[in-house]
Amino acid sequence: MYRIGPIGRKSNFHNREKCLIGLVLATLCFLCFGGIFLLPDNFGGDRVLRVYKQFQKAGPEIFIPAPPLAKHAPKDQDPHFMNDRQKLQAKIKEELGEIMDKPQLQKDNAMDNSEDAGDDADNGSPQQFDDTAPGGGGGGAGDEQGAAPPVNGQSKKSRNSNNNNNDDIAAVLDNNNLPLGNVNLQMPLGGHADGDVSVEEKRQKVKEMMQHAWENYKLYAWGKNELRPLSQRAHIGSIFGSQELGATIIDGLDTLYIMGLENEYKEGRDWIERKFSLDNVTADLSVFETNIRFIGGLLTMYAFTGDALYKDKAQHVADKLLPAFQTPTGIPYGLVNPKTGMSKNYGWASGASSILSEFGTLHLEFSYLSDITGNPLYKERVQTIRQILKDIEKPKGLYPNFLNPKTGKWGQLHMSLGALGDSFYEYLLKAWIQSGQTDEEARQMFDEAMVAIIDKMVRTSPNGLTYVSDLKFDRLEHKMDHLACFAGGLFALGANTRQNEHTEKFMNIGKGITNTCHESYIRTTTHLGPEAFRFSEAAEARALKSNEKYYILRPETVESYFVLWRLTHDQKYRDWGWDAVQALEQHCRTPHGYSGIKNVYQEVPQKDDVQQSFFLAETLKYLYLLFSDDSLIPLDEWVFNTEAHPLPVKGANIYYRQAASTSAAATNAS
């Protein structure tokens, strides 16, 4: 009896289970077949295809487990950290959310005529990257295979024919009717390979370095200012603090464009369009740094593409800086709060003075902004600064580093072509170049300042190294900053652009300073240059103090290599640049980006865990251009701001894009 009962109950349950399973299967079949005919229009075939493509773009990373956290940054103690899977999921949700929420378009408007056109529409960018343009291409197969670049002898018409209105543009060029105003054309991407295969391999290596820096910034610090590659998080101790301004995005965007990194460029443009604004920023921002990185980067992209987004954003930033100019003299304060408009100077700056290299490094950007917007206000602000500096008495013909914005008088008599002074002199020469060599006032001020610096501050060491020393109260310090290494290219550019009694001297000093900065590199264990180096009986071109031995991915030395290469084509400058690339790869590269180092004289130096935005904006750009054909950003058509953002030369560059009203006013005035 014990066995009969249970067996009978088991048999009855089995029959009921069969019925239940059959009912479930029937229900599933009904739902599946019914869904095919009854799904709403929002899940039409082309919508499903678009969503599928977005997942396809995400790549296989979605199925890869997140890497382990850094040992010193446990997840439960790091509010800024997001692991790979979480970040990717958030990114997919953000990018697909708009697609999923929008109603489906009608069939004749839902997609373009091809699947590729549909992809471009999803991206939200108005730019089209023309692979057929001379020297163009998006860094894809054509670029990698070394397609023939344009040569130096090509006309501007053939070199810059990447547009949909070639006949109109050709007519403009033939009539020498520059600038083009609002004609919408786009500078070609990528291309411009050097004819030497070994040089092209070096160029592709620099491009890969840029991709490595960008991808890790995107993965661990997207939208923040800079990356901490060792900690795998955002760097919130930068000059822009914890404000989410995307400094690396805006600073590095033109480098991505020049290298032909199309997808990365579109990512950056999309972030700027959707996220970038200073409206709610309550921190004090550096007027100087915000100008050279943000306004400069945005203006370059406007010149490259004609995309009004960049012009509008640049004007937005400039307007936020204008309250800093509200001083008795018109010399701006160094810091401004974009939200409140309150401005001030650094407390340490010689009695709260303004700094020469900061208020003197606004002219290129503000002048160009006035020209492309038709608003003269920006140029008027920097012209006021110019007039004060032109008229003020200069001790021994030199410009001290500090000026009181209230009294218009100099602060302490400290002169430098390095920190606190450097880019003021750079912008005197480059304002003249940018103007099409019509701003004679700027050129005269530059020549006079350089002659005084040569006389009072440039010296030669016992072993023949040329250097430019700081001058403090009539006493030479015999120390040169890494920042001053840009002066090699500056002197050479001054010599190359005008023949006069100073030409030969300027060129010799430019070459000499560049050689000295190279010596400061190769005399270290890492072959990377220290932040400052001294000249004495004990040592030459060598840092002696511990706080001078660090290297933070600075660009100034390779900048001079690039300029001297373009002007002389002396092979040594490319050799020196490649040595710097190898040193960066050995000592600064990490699995998650690039880092500065704390002591260039150690065999295994400790890293500082910061990937500076200027590494992408300047260092990698100058290295890439060093190994490119001269037709990529030619020096007779472009002038680099002090953050290496190229701005077009007026009257010589079809991308100047001067506003029609401004152009007409200039014509009437002449």
# chains A, B, ... in the order shown; residues from 1 in each chain; ligands from 1
>>> residues_around(residues="Leu398 of chain A", least_positions_apart="4", cutoff="8 Å", atoms="only C-alpha atoms", output="ChimeraX atom specification")
/A:394,415,449,452-453
>>> select_by_dssp(residues="segment 587-635 of chain A", states="strand (DSSP E)", output="ChimeraX atom specification")
/A:589-590,593-594
>>> write_last_selection(atoms="C-alpha atoms", output="compact mmCIF listing (two decimals), in the first residue's frame")
# COMPACT_ATOMS: atom_id res chain seq x y z
CA ARG A 589 53.52 55.49 -21.48
CA THR A 590 51.29 53.45 -19.19
CA GLY A 593 47.52 56.72 -21.10
CA TYR A 594 50.62 58.88 -20.62
>>> residues_around(residues="Ala532 of chain A", least_positions_apart="3", cutoff="9 Å", atoms="only C-alpha atoms", output="ChimeraX atom specification")
/A:479-483,529,541-545,547-550
>>> write_last_selection(atoms="N, CA and C atoms", output="PDB file, in the first residue's frame")
ATOM      1  N   LYS A 479      69.646  80.605 -15.559  1.00  0.00           N
ATOM      2  CA  LYS A 479      68.723  79.466 -15.532  1.00  0.00           C
ATOM      3  C   LYS A 479      67.772  79.625 -16.701  1.00  0.00           C
ATOM      4  N   MET A 480      67.462  78.524 -17.338  1.00  0.00           N
ATOM      5  CA  MET A 480      66.528  78.555 -18.459  1.00  0.00           C
ATOM      6  C   MET A 480      65.400  77.569 -18.202  1.00  0.00           C
ATOM      7  N   ASP A 481      64.159  78.031 -18.362  1.00  0.00           N
ATOM      8  CA  ASP A 481      63.004  77.154 -18.205  1.00  0.00           C
ATOM      9  C   ASP A 481      62.799  76.306 -19.453  1.00  0.00           C
ATOM     10  N   HIS A 482      62.235  75.111 -19.245  1.00  0.00           N
ATOM     11  CA  HIS A 482      61.789  74.327 -20.396  1.00  0.00           C
ATOM     12  C   HIS A 482      60.798  75.134 -21.226  1.00  0.00           C
ATOM     13  N   LEU A 483      59.968  75.930 -20.565  1.00  0.00           N
ATOM     14  CA  LEU A 483      58.996  76.772 -21.273  1.00  0.00           C
ATOM     15  C   LEU A 483      59.667  77.686 -22.292  1.00  0.00           C
ATOM     16  N   GLY A 529      63.584  66.259 -21.121  1.00  0.00           N
ATOM     17  CA  GLY A 529      64.170  67.460 -20.536  1.00  0.00           C
ATOM     18  C   GLY A 529      63.573  67.854 -19.204  1.00  0.00           C
ATOM     19  N   ALA A 541      73.297  73.058 -18.852  1.00  0.00           N
ATOM     20  CA  ALA A 541      72.047  72.477 -19.353  1.00  0.00           C
ATOM     21  C   ALA A 541      71.591  71.315 -18.486  1.00  0.00           C
ATOM     22  N   ARG A 542      71.704  71.499 -17.174  1.00  0.00           N
ATOM     23  CA  ARG A 542      71.340  70.441 -16.245  1.00  0.00           C
ATOM     24  C   ARG A 542      70.597  71.034 -15.044  1.00  0.00           C
ATOM     25  N   ALA A 543      69.555  70.341 -14.610  1.00  0.00           N
ATOM     26  CA  ALA A 543      68.822  70.767 -13.415  1.00  0.00           C
ATOM     27  C   ALA A 543      69.635  70.425 -12.180  1.00  0.00           C
ATOM     28  N   LEU A 544      69.710  71.366 -11.249  1.00  0.00           N
ATOM     29  CA  LEU A 544      70.481  71.145 -10.025  1.00  0.00           C
ATOM     30  C   LEU A 544      69.597  71.009  -8.794  1.00  0.00           C
ATOM     31  N   LYS A 545      68.378  71.531  -8.860  1.00  0.00           N
ATOM     32  CA  LYS A 545      67.473  71.458  -7.727  1.00  0.00           C
ATOM     33  C   LYS A 545      66.423  70.370  -7.965  1.00  0.00           C
ATOM     34  N   ASN A 547      63.313  70.312  -7.374  1.00  0.00           N
ATOM     35  CA  ASN A 547      62.032  70.772  -7.921  1.00  0.00           C
ATOM     36  C   ASN A 547      62.147  71.260  -9.360  1.00  0.00           C
ATOM     37  N   GLU A 548      63.287  71.014  -9.989  1.00  0.00           N
ATOM     38  CA  GLU A 548      63.467  71.364 -11.401  1.00  0.00           C
ATOM     39  C   GLU A 548      63.639  70.136 -12.281  1.00  0.00           C
ATOM     40  N   LYS A 549      63.592  68.958 -11.703  1.00  0.00           N
ATOM     41  CA  LYS A 549      63.966  67.747 -12.433  1.00  0.00           C
ATOM     42  C   LYS A 549      62.793  66.990 -13.048  1.00  0.00           C
ATOM     43  N   TYR A 550      61.587  67.515 -12.910  1.00  0.00           N
ATOM     44  CA  TYR A 550      60.428  66.787 -13.417  1.00  0.00           C
ATOM     45  C   TYR A 550      60.156  67.136 -14.881  1.00  0.00           C
TER      46      TYR A 550
END
